[in-house]
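Visitor: Shown below is the structure under consideration.
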Protein chains: 2
Amino acid sequence: MTRLTNPLHSWFLGPKGENEQLLKELLDSALQAHLSWRRGYHPEDPSPIPAEASSTPAAASQRAELKGQFAALLRQLRGSVPFFSGRYNGHMLSEQTIAAQAAYFAAMLYNPNNVSGEVAPVTTQLEGEVAEQLARMIGYDPWRCWGHLTSGGTIANFEALWIARNVHYYPVGASLAARSLGVDVPVSMPGGSLAMLRDLDLWQLLNIRPECSLDLWEKLWAAAPKQLVESALSRHSLASLGYQDYSRQLTREFGDPLAAGVVLAAGTSHYSWAKIVAALGLGSNQLVLVPVDRECRMDPDSLWREIESLTNKRIPIMACVSTCGTTEEGAVDDLQRILEVRERAQRELGVTFHIHSDACYGGYAASLTRAPGGSRHAPGAIREMLGTAQWPTDQWVRSLSALERADSVSIDPHKLGYVPYPAGAFLLKDKRGRELVSTDPPYLAVATSRENGEQPVIGRFIFEGSKPGASAAATWLSHKTIPLNSAGHGKIIASTLRGARELYALLGSSDFAPFRVIRLAEPDLNIVCFLLHHPSLTTLSDINALNETIYRELSPDAQMSAPYMITRTRLTSPGYDGVIEPLLSLLGGDIGRSPETAAEGLTILRATVMNPFSSQGGPDYLLGLTDSVRQVAMSFLRDPATMVASRPAARS
Amino acid sequence: MTRLTNPLHSWFLGPKGENEQLLKELLDSALQAHLSWRRGYHPEDPSPIPAEASSTPAAASQRAELKGQFAALLRQLRGSVPFFSGRYNGHMLSEQTIAAQAAYFAAMLYNPNNVSGEVAPVTTQLEGEVAEQLARMIGYDPWRCWGHLTSGGTIANFEALWIARNVHYYPVGASLAARSLGVDVPVSMPGGSLAMLRDLDLWQLLNIRPECSLDLWEKLWAAAPKQLVESALSRHSLASLGYQDYSRQLTREFGDPLAAGVVLAAGTSHYSWAKIVAALGLGSNQLVLVPVDRECRMDPDSLWREIESLTNKRIPIMACVSTCGTTEEGAVDDLQRILEVRERAQRELGVTFHIHSDACYGGYAASLTRAPGGSRHAPGAIREMLGTAQWPTDQWVRSLSALERADSVSIDPHKLGYVPYPAGAFLLKDKRGRELVSTDPPYLAVATSRENGEQPVIGRFIFEGSKPGASAAATWLSHKTIPLNSAGHGKIIASTLRGARELYALLGSSDFAPFRVIRLAEPDLNIVCFLLHHPSLTTLSDINALNETIYRELSPDAQMSAPYMITRTRLTSPGYDGVIEPLLSLLGGDIGRSPETAAEGLTILRATVMNPFSSQGGPDYLLGLTDSVRQVAMSFLRDPATMVASRPAARS
């Protein structure tokens, strides 16, 4: 690939609007197609708008009013953050693909509502195809799995835990239902043996592998007439009883007051998990933080110890959330090893749970592991393709490839998929799980499966109702023209990974004297975290003040006058202990050994290198960024109080 | 207003694209403004895309590929449902305002993420203004309330109940926290008296008025040092303990095993409520259906009896969901009387709860009650303005005006607000309630209030995370140019209400012989429900088959060949008993007296008259629709088996 045949050059509008013509043509054709569609529908129908109406003074003033307000909006929008620029390496925002922009606009004109095929015959179909595209990328069997778009990662994560909870508790309700029906069915135990449902005690019922719980679901429906099963299940299921009566039922029926089920997640997991467990009624106390290693990944050994300890206390585990691309650091958990820990727990402890991969940020990196034909690249082949010696590591490739074995995966097209908001996605390995959360809307056609060629009622199985079909069209066209493999989307990902590694190297090699740059571990994806230190700063608060100042000076203001933009995060104890400890020892002295550390935490600067052109030559934004960091730090040192200096204007 | 000065004529693209020129100009100006914004940001930065890159054969083939796929998408989109046409009166979809379409597109180019002002300085501001616009329309005090946009009504309703739950249970945790802190504070009781927190028993703690619960929240923070309160609350709150441990705590601390709290809703409430109570862990059994009257409204007398009965059983009530515009029938609950029932319950029974108005569909009708200056129109003045004698009734106006006294309201701009998906909205009368569900994201700036001029971190208080700022811009501009009063949005609403009443009258006056048309009550908004009957049909199944056939023949197929499009719903027992009973007696004979009624339900045809030009003259779509209904029914009568007749093509 020479510099002139780089496909990235035509995938985005470009920081100078280089591909204006292409986007314009697409937008024009979309509007024309839409108008001709409107006009071609019963052309004999007269217009409700009189032809003369538009030439009245009233109409002219109406239009002038709208144009005036619109112009005011456009002026306001100039105060937006320039995510398109290589100078912006702050939050997880960047360009959108032209394909996604144009398709979103095109479909929006038709206003399809992807709650159901009845109101979105085209775009619900496209949504199904998007789920299939994503499923093939991560390695799910498209016929066994199920997926759909959500408004974002929070809803996708919510659905994962909602389903996991209902699958986890299903055997308990099933056992009581089976008793009341006078039937019994065999169940696979975590260790591999078979047992009869009604022989299982409460602990065993709460430790059935998710797919075996779903097998059980099918078996129970086959064991008795449908209506009887339905009514027996509804008398005993968590979904109908709710937590309070369900807990009482356990005490009554099993003589065993169930300890509340917990969710395991690393301290690096997204803050939405705290919202989710609280909202679902699990309680934030039930979110058990697994220690992280210095790479900000969930530590598999700690995970094992946590499982052992919970098992000893007879506390059931509902789910484990592993992250592929942590929000703060872009860290990619070693999912392969996490899956191995679960296998061991099944084998040795008879304990199991749902594993969800929160790949909202990092999931698209799996495109690098896919060859255009669909097969999986070997790690060496990826390195060869990228012309790199050391990365991605074998372990990295293994972690991305292991997504295919997670029970569910969330992945956001509106992050590293470069499509406009809103576009999250949820993928469930075993589609039967969706039945445990389904609700029938009365006014929509009865749901039938897509396999039967009928229009799907997505709304039956998802948490949201009405949702934009335009989002499905945008994601679909983007995937269609920039395929989810190493020759397509992988090229964008590779460019940003390379950019991040360049920045990481630059931070390590540049002369920041009199400051010292302390970097977190090498980036797993494209987020680079670091902090500055100076010998004169002797307390954690002082060091934080320096880095907070750098953040503040290098973040968007009303005039966008910061020369470069990054952001920051704060590592707190105990979630980040595995990361903080080595950093503090690098800071030296007694810094951070005080009790204040836990409360205050450590401010870390954070650069999300998401711009698709991050390593495509052109101006060296990364060099500019490191220079700016040092300059701001110097000003801080000279006089922390007068830091609010006048900045040069960003605009000509 | 003469026919030529009707502002509706320039608010929408129009079924023939009559306002093509206006939309085009706006779109062009948006793209130009965006390009000039990109180019004006650090114009000295070179482009990462070489100038020669676009003229290479590789780039040309890239562009050709994208254009080809895009053209294929545009062809597919021609299979969309023609919501823009007066021939479509099916689901809740219609036109979008030009203002909303153009603003969505304009803002989407900047890709703002309204999770936080840091990544969306302009559009988070607009979102705040949208909340204010909606608050003023319904009558909330913009400085006491809080509101924001959601992906749709389900999330807005979810947030309402999530907050209601946390506010409802707050006094229980507060009481235990106060004991552990050794403090006490006064609390207002539902009857009006004051009591000390620690003197209250469990039943009393669960019957504190929402605003008094929030007063208590403030008082407790003032009664002891912040950190101590925080830790005491977290040891006792539902959000941290989760349901299981919380229930146990109640038994332990109060010697009172709490009956699970229930949510009251009418059988006509949206199906998302079933999802929501199940997901929140309340359990679908705790959704108590309040009977409806023949107008499909929650019956206030039945509500009172239900409250009395629950109180006698010592079952706490968490919330009551009243609907303003039921999804199936557009019925508007008599919210004024529902509020009176709560007042009586507080006075006579010492019982209270959160009242949420699910105004997702009907909320925008409140625009009719507002004069341009912001004052409230008297019912007579509205009728005079519309030139109507009988409607809207005084009671209707009272119901809409009573929204200002509901504790929370959900309202969807993407329904009767005529803006593109996704745009739901949630409004909370007392903004302090959001603090009981807040979560701090580590990577976003610390939240500060908008009043202080700081950028708000919306993500702290809402369930979703990333969300499109474009949606805020679209809703904002639409409200700005078509104000939420009788001279603006009210005109659109009035046109559809009028259209629905015309259809209703037409169904009553037309000769359907040999069929009889049986109509539900007069529409409260713009949804008309009816069914056809024929003397030869003697079972419920036969009557349902007739109406299902009409629905099937008058609904979208791949060729959009149905001459008109409506939809249907199914009224089931017991939720709809109040509606079904009078209908069955109109059907006569023994129809529906069989036990099958409850299981099968009654199919009802449903026309959502949402087209803004519904009563604006032009072709009489309503007449065409009633004719078509009769024709399909006649064919059914001739031969139910050969109903899949060939239909004329819709397109020229």
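So you can find residues: chains in the structure tokens are A, B, ... in the order shown, residues in each start at 1, and ligands are numbered from 1 in order.
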Taking the backbone alone, and naming residues the way the document does, which bits of range 459-594 of chain B are alpha helix (DSSP H) by DSSP, as a PyMOL selection string?

Guide: chain B and resi 469-481+489-509+540-553+577-587

Visitor: Can you tell me which residues surround Phe83 in chain B at a distance of at most 7 Å, considering only C-alpha atoms, apart from same-chain residues fewer than 5 positions away, and format the answer as a PyMOL selection string?

Guide: chain B and resi 88+93-95

Visitor: How far is it from CA of Ile355 in chain A to CA of Asp299 in chain A, in Å with one decimal?

Guide: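 Separating CA of Ile355 in chain A from CA of Asp299 in chain A is a distance of 15.0 Å.
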
Visitor: I'd like the contact shell of range 526-531 of chain B - 8 Å cut-off, only C-alpha atoms, skipping same-chain residues fewer than 5 positions apart - returned as a list in words.

Guide: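 Listed by chain and then number, they are Glu328, Glu329, Gly330, Thr496, Leu497, Arg498, Gly499, Ala500, Arg501, Leu503, Tyr504, Val517, Ile518, Arg519, Leu520, Asn547, Thr603, Ile604, Leu605, Arg606, Ala607, Thr608, Val609 and Met610 of chain B.
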
Visitor: Could you turn the residues from that selection into a file that holds N, CA and C atoms, as an mmCIF file, in the first residue's frame?

Guide:
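Dumped to selection-v1.cif:
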data_model
loop_
_atom_site.group_PDB
_atom_site.id
_atom_site.type_symbol
_atom_site.label_atom_id
_atom_site.label_comp_id
_atom_site.auth_asym_id
_atom_site.auth_seq_id
_atom_site.Cartn_x
_atom_site.Cartn_y
_atom_site.Cartn_z
ATOM 1 N N GLU B 328 -52.720 2.458 22.457
ATOM 2 C CA GLU B 328 -53.678 1.798 21.578
ATOM 3 C C GLU B 328 -54.812 2.718 21.160
ATOM 4 N N GLU B 329 -55.296 3.543 22.110
ATOM 5 C CA GLU B 329 -56.525 4.288 21.846
ATOM 6 C C GLU B 329 -56.366 5.791 21.945
ATOM 7 N N GLY B 330 -55.191 6.239 22.397
ATOM 8 C CA GLY B 330 -55.017 7.675 22.585
ATOM 9 C C GLY B 330 -55.852 8.234 23.722
ATOM 10 N N THR B 496 -54.730 17.198 13.612
ATOM 11 C CA THR B 496 -54.877 15.741 13.715
ATOM 12 C C THR B 496 -56.086 15.364 14.581
ATOM 13 N N LEU B 497 -56.346 16.151 15.615
ATOM 14 C CA LEU B 497 -57.524 15.859 16.453
ATOM 15 C C LEU B 497 -58.783 16.005 15.602
ATOM 16 N N ARG B 498 -58.799 17.031 14.799
ATOM 17 C CA ARG B 498 -59.941 17.286 13.946
ATOM 18 C C ARG B 498 -60.098 16.136 12.937
ATOM 19 N N GLY B 499 -58.988 15.735 12.346
ATOM 20 C CA GLY B 499 -59.021 14.631 11.386
ATOM 21 C C GLY B 499 -59.577 13.364 12.022
ATOM 22 N N ALA B 500 -59.141 13.086 13.240
ATOM 23 C CA ALA B 500 -59.609 11.873 13.915
ATOM 24 C C ALA B 500 -61.110 11.944 14.185
ATOM 25 N N ARG B 501 -61.553 13.121 14.575
ATOM 26 C CA ARG B 501 -62.990 13.262 14.850
ATOM 27 C C ARG B 501 -63.805 13.159 13.564
ATOM 28 N N LEU B 503 -62.956 11.264 11.038
ATOM 29 C CA LEU B 503 -63.009 9.832 10.748
ATOM 30 C C LEU B 503 -64.025 9.141 11.653
ATOM 31 N N TYR B 504 -63.996 9.534 12.913
ATOM 32 C CA TYR B 504 -64.919 8.925 13.875
ATOM 33 C C TYR B 504 -66.377 9.170 13.444
ATOM 34 N N VAL B 517 -70.733 -1.073 11.978
ATOM 35 C CA VAL B 517 -69.483 -0.582 12.547
ATOM 36 C C VAL B 517 -69.712 -0.292 14.015
ATOM 37 N N ILE B 518 -68.867 -0.852 14.845
ATOM 38 C CA ILE B 518 -68.965 -0.569 16.279
ATOM 39 C C ILE B 518 -67.734 0.215 16.681
ATOM 40 N N ARG B 519 -67.965 1.421 17.187
ATOM 41 C CA ARG B 519 -66.835 2.290 17.518
ATOM 42 C C ARG B 519 -66.558 2.281 19.013
ATOM 43 N N LEU B 520 -65.300 2.412 19.369
ATOM 44 C CA LEU B 520 -64.995 2.656 20.778
ATOM 45 C C LEU B 520 -65.437 4.085 21.091
ATOM 46 N N ASN B 547 -62.089 -8.897 11.204
ATOM 47 C CA ASN B 547 -61.320 -7.683 11.458
ATOM 48 C C ASN B 547 -59.817 -7.890 11.260
ATOM 49 N N THR B 603 -60.347 -8.311 18.627
ATOM 50 C CA THR B 603 -59.537 -7.526 17.689
ATOM 51 C C THR B 603 -60.261 -6.228 17.340
ATOM 52 N N ILE B 604 -59.509 -5.157 17.425
ATOM 53 C CA ILE B 604 -60.046 -3.821 17.168
ATOM 54 C C ILE B 604 -59.210 -3.172 16.084
ATOM 55 N N LEU B 605 -59.834 -2.563 15.120
ATOM 56 C CA LEU B 605 -59.087 -1.825 14.108
ATOM 57 C C LEU B 605 -58.721 -0.458 14.680
ATOM 58 N N ARG B 606 -57.582 0.040 14.240
ATOM 59 C CA ARG B 606 -57.032 1.219 14.894
ATOM 60 C C ARG B 606 -56.405 2.122 13.843
ATOM 61 N N ALA B 607 -56.849 3.343 13.801
ATOM 62 C CA ALA B 607 -56.292 4.313 12.855
ATOM 63 C C ALA B 607 -55.685 5.475 13.630
ATOM 64 N N THR B 608 -54.381 5.659 13.479
ATOM 65 C CA THR B 608 -53.705 6.790 14.116
ATOM 66 C C THR B 608 -53.672 7.930 13.102
ATOM 67 N N VAL B 609 -54.486 8.922 13.344
ATOM 68 C CA VAL B 609 -54.611 10.027 12.389
ATOM 69 C C VAL B 609 -53.586 11.096 12.758
ATOM 70 N N MET B 610 -52.350 10.852 12.381
ATOM 71 C CA MET B 610 -51.244 11.698 12.810
ATOM 72 C C MET B 610 -50.758 12.632 11.719
#

Visitor: Between chain A and chain B, at 6 Å or less, what are the per-residue closest atom pairs and their distances in Å? Count only C-alpha atoms, order by chain and rising residue number, and return it as JSON lines.

Guide:
{"residue": "A:Leu4", "atom": "CA", "partner": "B:Ala53", "partner_atom": "CA", "distance": 5.0}
{"residue": "A:Thr5", "atom": "CA", "partner": "B:Ala58", "partner_atom": "CA", "distance": 5.7}
{"residue": "A:His9", "atom": "CA", "partner": "B:Ile49", "partner_atom": "CA", "distance": 5.7}
{"residue": "A:Lys16", "atom": "CA", "partner": "B:Arg39", "partner_atom": "CA", "distance": 5.0}
{"residue": "A:Gly17", "atom": "CA", "partner": "B:Leu35", "partner_atom": "CA", "distance": 5.8}
{"residue": "A:Leu35", "atom": "CA", "partner": "B:Gly17", "partner_atom": "CA", "distance": 5.8}
{"residue": "A:Arg38", "atom": "CA", "partner": "B:Lys16", "partner_atom": "CA", "distance": 5.8}
{"residue": "A:Arg39", "atom": "CA", "partner": "B:Lys16", "partner_atom": "CA", "distance": 5.1}
{"residue": "A:Gly40", "atom": "CA", "partner": "B:Arg651", "partner_atom": "CA", "distance": 5.6}
{"residue": "A:Tyr41", "atom": "CA", "partner": "B:Arg651", "partner_atom": "CA", "distance": 5.1}
{"residue": "A:His42", "atom": "CA", "partner": "B:Ala650", "partner_atom": "CA", "distance": 5.6}
{"residue": "A:Pro48", "atom": "CA", "partner": "B:Gly618", "partner_atom": "CA", "distance": 4.7}
{"residue": "A:Ile49", "atom": "CA", "partner": "B:His9", "partner_atom": "CA", "distance": 5.7}
{"residue": "A:Ala53", "atom": "CA", "partner": "B:Leu4", "partner_atom": "CA", "distance": 5.0}
{"residue": "A:Ala58", "atom": "CA", "partner": "B:Thr5", "partner_atom": "CA", "distance": 5.7}
{"residue": "A:Thr154", "atom": "CA", "partner": "B:Glu464", "partner_atom": "CA", "distance": 5.6}
{"residue": "A:Ala239", "atom": "CA", "partner": "B:Ala278", "partner_atom": "CA", "distance": 5.0}
{"residue": "A:Ser240", "atom": "CA", "partner": "B:Ser284", "partner_atom": "CA", "distance": 4.3}
{"residue": "A:Leu241", "atom": "CA", "partner": "B:Gly283", "partner_atom": "CA", "distance": 4.8}
{"residue": "A:Gly242", "atom": "CA", "partner": "B:Gly283", "partner_atom": "CA", "distance": 3.4}
{"residue": "A:Tyr243", "atom": "CA", "partner": "B:Gly281", "partner_atom": "CA", "distance": 5.5}
{"residue": "A:Gln244", "atom": "CA", "partner": "B:Ala260", "partner_atom": "CA", "distance": 5.9}
{"residue": "A:Ala260", "atom": "CA", "partner": "B:Gln244", "partner_atom": "CA", "distance": 5.9}
{"residue": "A:Tyr271", "atom": "CA", "partner": "B:Pro441", "partner_atom": "CA", "distance": 5.6}
{"residue": "A:Ala278", "atom": "CA", "partner": "B:Ala239", "partner_atom": "CA", "distance": 5.0}
{"residue": "A:Ala279", "atom": "CA", "partner": "B:Leu280", "partner_atom": "CA", "distance": 6.0}
{"residue": "A:Leu280", "atom": "CA", "partner": "B:Leu280", "partner_atom": "CA", "distance": 4.6}
{"residue": "A:Gly281", "atom": "CA", "partner": "B:Gly242", "partner_atom": "CA", "distance": 5.0}
{"residue": "A:Leu282", "atom": "CA", "partner": "B:Gly242", "partner_atom": "CA", "distance": 4.5}
{"residue": "A:Gly283", "atom": "CA", "partner": "B:Gly242", "partner_atom": "CA", "distance": 3.4}
{"residue": "A:Ser284", "atom": "CA", "partner": "B:Ser240", "partner_atom": "CA", "distance": 4.3}
{"residue": "A:Asn285", "atom": "CA", "partner": "B:Ser240", "partner_atom": "CA", "distance": 5.1}
{"residue": "A:Tyr421", "atom": "CA", "partner": "B:Pro468", "partner_atom": "CA", "distance": 4.9}
{"residue": "A:Pro422", "atom": "CA", "partner": "B:Pro468", "partner_atom": "CA", "distance": 5.8}
{"residue": "A:Pro441", "atom": "CA", "partner": "B:Tyr271", "partner_atom": "CA", "distance": 5.6}
{"residue": "A:Tyr443", "atom": "CA", "partner": "B:Thr569", "partner_atom": "CA", "distance": 4.7}
{"residue": "A:Glu464", "atom": "CA", "partner": "B:Thr154", "partner_atom": "CA", "distance": 5.6}
{"residue": "A:Lys467", "atom": "CA", "partner": "B:Pro422", "partner_atom": "CA", "distance": 5.8}
{"residue": "A:Pro468", "atom": "CA", "partner": "B:Tyr421", "partner_atom": "CA", "distance": 4.9}
{"residue": "A:Thr569", "atom": "CA", "partner": "B:Tyr443", "partner_atom": "CA", "distance": 4.6}
{"residue": "A:Gly618", "atom": "CA", "partner": "B:Pro48", "partner_atom": "CA", "distance": 4.8}
{"residue": "A:Ala650", "atom": "CA", "partner": "B:His42", "partner_atom": "CA", "distance": 5.6}
{"residue": "A:Arg651", "atom": "CA", "partner": "B:Tyr41", "partner_atom": "CA", "distance": 5.1}

Visitor: Calculated over only C-alpha atoms, which of the candidates A:Leu428, A:Val262, A:Val115, A:Leu289 has the smallest distance to Ala135 in chain A?

Guide: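 Result for the nearest residue to Ala135 in chain A: A:Leu428.
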
Visitor: Could you tell me how far CA of Leu587 in chain B lies from CA of Ala633 in chain B, in Å and to one decimal?

Guide: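 Going from CA of Leu587 in chain B over to CA of Ala633 in chain B covers 16.7 Å.
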
Visitor: For the structure I just gave you, how does DSSP split range 307-510 of chain A - specifically, which residues are strand (DSSP E)? Reply as a compact mmCIF listing (two decimals) with N, CA, C and O atoms, in the first residue's frame.

Guide:
# COMPACT_ATOMS: atom_id res chain seq x y z
N ILE A 317 -22.54 -16.72 42.16
CA ILE A 317 -22.01 -15.72 41.22
C ILE A 317 -22.93 -15.70 40.00
O ILE A 317 -23.14 -16.73 39.36
N MET A 318 -23.48 -14.54 39.73
CA MET A 318 -24.42 -14.42 38.63
C MET A 318 -23.69 -14.24 37.31
O MET A 318 -24.04 -14.82 36.30
N ALA A 319 -22.67 -13.40 37.33
CA ALA A 319 -21.97 -13.08 36.09
C ALA A 319 -20.61 -12.51 36.39
O ALA A 319 -20.35 -12.02 37.49
N CYS A 320 -19.75 -12.60 35.40
CA CYS A 320 -18.45 -11.95 35.46
C CYS A 320 -18.35 -11.05 34.23
O CYS A 320 -18.59 -11.49 33.11
N VAL A 321 -18.03 -9.79 34.46
CA VAL A 321 -17.88 -8.83 33.36
C VAL A 321 -16.41 -8.64 33.07
O VAL A 321 -15.65 -8.16 33.92
N SER A 322 -16.01 -9.04 31.90
CA SER A 322 -14.63 -8.81 31.47
C SER A 322 -14.66 -7.68 30.45
O SER A 322 -15.63 -7.52 29.71
N THR A 323 -13.60 -6.87 30.44
CA THR A 323 -13.63 -5.71 29.55
C THR A 323 -12.64 -5.86 28.41
O THR A 323 -11.50 -6.28 28.63
N HIS A 354 -22.32 -16.61 34.07
CA HIS A 354 -22.33 -15.99 32.75
C HIS A 354 -21.07 -15.13 32.59
O HIS A 354 -20.71 -14.39 33.51
N ILE A 355 -20.41 -15.21 31.45
CA ILE A 355 -19.30 -14.29 31.19
C ILE A 355 -19.71 -13.32 30.09
O ILE A 355 -20.05 -13.71 28.98
N HIS A 356 -19.71 -12.04 30.46
CA HIS A 356 -20.02 -10.99 29.48
C HIS A 356 -18.74 -10.23 29.17
O HIS A 356 -18.00 -9.87 30.07
N SER A 357 -18.50 -10.01 27.89
CA SER A 357 -17.39 -9.13 27.54
C SER A 357 -17.92 -7.76 27.18
O SER A 357 -18.66 -7.60 26.20
N ASP A 358 -17.56 -6.78 27.97
CA ASP A 358 -17.89 -5.40 27.66
C ASP A 358 -16.83 -4.92 26.67
O ASP A 358 -15.78 -4.41 27.04
N SER A 408 -21.97 -13.31 26.16
CA SER A 408 -22.55 -12.13 25.49
C SER A 408 -21.47 -11.08 25.34
O SER A 408 -20.47 -11.09 26.07
N VAL A 409 -21.68 -10.22 24.39
CA VAL A 409 -20.69 -9.18 24.07
C VAL A 409 -21.44 -7.89 23.75
O VAL A 409 -22.44 -7.91 23.03
N SER A 410 -20.98 -6.79 24.31
CA SER A 410 -21.52 -5.48 23.89
C SER A 410 -20.42 -4.76 23.12
O SER A 410 -19.24 -4.89 23.45
N ILE A 411 -20.81 -4.04 22.11
CA ILE A 411 -19.83 -3.44 21.21
C ILE A 411 -20.49 -2.23 20.55
O ILE A 411 -21.60 -2.34 20.05
N GLY A 424 -25.17 1.51 19.74
CA GLY A 424 -24.54 0.46 20.53
C GLY A 424 -25.01 -0.86 19.95
O GLY A 424 -25.91 -0.90 19.11
N ALA A 425 -24.39 -1.96 20.38
CA ALA A 425 -24.88 -3.26 19.91
C ALA A 425 -24.72 -4.29 21.01
O ALA A 425 -23.79 -4.24 21.81
N PHE A 426 -25.68 -5.20 21.04
CA PHE A 426 -25.64 -6.29 22.00
C PHE A 426 -25.68 -7.60 21.22
O PHE A 426 -26.48 -7.76 20.31
N LEU A 427 -24.77 -8.52 21.59
CA LEU A 427 -24.73 -9.83 20.95
C LEU A 427 -24.82 -10.90 22.03
O LEU A 427 -24.10 -10.85 23.03
N LEU A 428 -25.69 -11.87 21.79
CA LEU A 428 -25.92 -12.95 22.76
C LEU A 428 -25.58 -14.26 22.06
O LEU A 428 -26.12 -14.56 21.00

Visitor: For Glu295 in chain A, which of A:Leu176, A:Gly588, A:Val332, A:Glu253 is the closest residue, counting only C-alpha atoms?

Guide: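 Among the listed residues, the smallest separation from Glu295 in chain A belongs to A:Val332.
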
Visitor: Leaving out range 195-201 of chain B and any residue of its chain fewer than 5 positions from it, which residues lie within 9 Å of it when counting only C-alpha atoms, given as a PyMOL selection string?

Guide: chain B and resi 171+174-176+178-179+183-189+206+216+254

Visitor: Could you pull the residues within 8 Å of Thr268 in chain B, counting only C-alpha atoms, minus those fewer than 6 positions along the same chain, as a compact mmCIF listing (two decimals) with all heavy atoms, in the first residue's frame?

Guide:
# COMPACT_ATOMS: atom_id res chain seq x y z
N VAL B 292 -60.33 0.02 33.80
CA VAL B 292 -60.55 1.21 32.97
C VAL B 292 -62.05 1.38 32.72
O VAL B 292 -62.82 0.42 32.80
CB VAL B 292 -59.82 1.09 31.62
CG1 VAL B 292 -58.30 1.06 31.83
CG2 VAL B 292 -60.25 -0.13 30.83
N CYS B 296 -61.61 4.00 28.00
CA CYS B 296 -60.23 3.48 28.08
C CYS B 296 -59.36 4.28 29.02
O CYS B 296 -58.14 4.26 28.93
CB CYS B 296 -59.56 3.43 26.70
SG CYS B 296 -60.47 2.47 25.50
N ARG B 297 -59.99 5.03 29.91
CA ARG B 297 -59.22 5.80 30.90
C ARG B 297 -59.22 5.05 32.22
O ARG B 297 -60.15 4.33 32.55
CB ARG B 297 -59.87 7.16 31.12
CG ARG B 297 -60.04 7.97 29.86
CD ARG B 297 -60.77 9.30 30.18
NE ARG B 297 -61.22 9.94 28.94
CZ ARG B 297 -62.38 10.56 28.80
NH1 ARG B 297 -63.23 10.65 29.83
NH2 ARG B 297 -62.72 11.11 27.65
N MET B 298 -58.16 5.26 33.00
CA MET B 298 -58.12 4.68 34.34
C MET B 298 -59.32 5.20 35.12
O MET B 298 -59.58 6.40 35.15
CB MET B 298 -56.82 5.10 35.05
CG MET B 298 -56.70 4.58 36.47
SD MET B 298 -55.20 5.19 37.31
CE MET B 298 -53.98 4.01 36.74
N THR B 326 -53.10 6.88 25.62
CA THR B 326 -52.72 5.47 25.61
C THR B 326 -52.27 5.08 24.20
O THR B 326 -52.77 5.63 23.21
CB THR B 326 -53.89 4.56 26.05
OG1 THR B 326 -54.98 4.76 25.15
CG2 THR B 326 -54.33 4.88 27.46
N THR B 327 -51.32 4.16 24.14
CA THR B 327 -50.73 3.77 22.86
C THR B 327 -51.78 3.21 21.92
O THR B 327 -51.74 3.45 20.72
CB THR B 327 -49.66 2.70 23.10
OG1 THR B 327 -48.84 3.13 24.18
CG2 THR B 327 -48.81 2.51 21.87
N GLU B 328 -52.72 2.46 22.46
CA GLU B 328 -53.68 1.80 21.58
C GLU B 328 -54.81 2.72 21.16
O GLU B 328 -55.28 2.66 20.03
CB GLU B 328 -54.26 0.56 22.27
CG GLU B 328 -53.22 -0.39 22.84
CD GLU B 328 -52.24 -0.87 21.81
OE1 GLU B 328 -52.67 -1.25 20.72
OE2 GLU B 328 -51.01 -0.83 22.09
N GLY B 575 -57.55 -6.63 31.75
CA GLY B 575 -57.13 -5.23 31.63
C GLY B 575 -58.17 -4.35 30.97
O GLY B 575 -58.35 -3.19 31.35
N TYR B 576 -58.85 -4.90 29.96
CA TYR B 576 -59.77 -4.10 29.17
C TYR B 576 -61.24 -4.38 29.46
O TYR B 576 -62.10 -4.02 28.66
CB TYR B 576 -59.49 -4.34 27.68
CG TYR B 576 -58.41 -3.43 27.13
CD1 TYR B 576 -57.08 -3.82 27.13
CD2 TYR B 576 -58.75 -2.18 26.63
CE1 TYR B 576 -56.10 -2.99 26.62
CE2 TYR B 576 -57.77 -1.35 26.11
CZ TYR B 576 -56.44 -1.75 26.11
OH TYR B 576 -55.49 -0.92 25.61

Visitor: So that I can see what lies close to Arg432 in chain B, please list as a list of chain:residue names the residues with an atom at most 10 Å from it, counting only C-alpha atoms and leaving out residues fewer than 2 positions away in the same chain.

Guide: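 Using only C-alpha atoms, the neighbours found are B:Arg144, B:Cys145, B:Trp146, B:Val167, B:Glu211, B:Leu214, B:Asp215, B:Trp217, B:Glu218, B:Leu428, B:Lys429, B:Asp430, B:Arg434, B:Glu435, B:Leu436.
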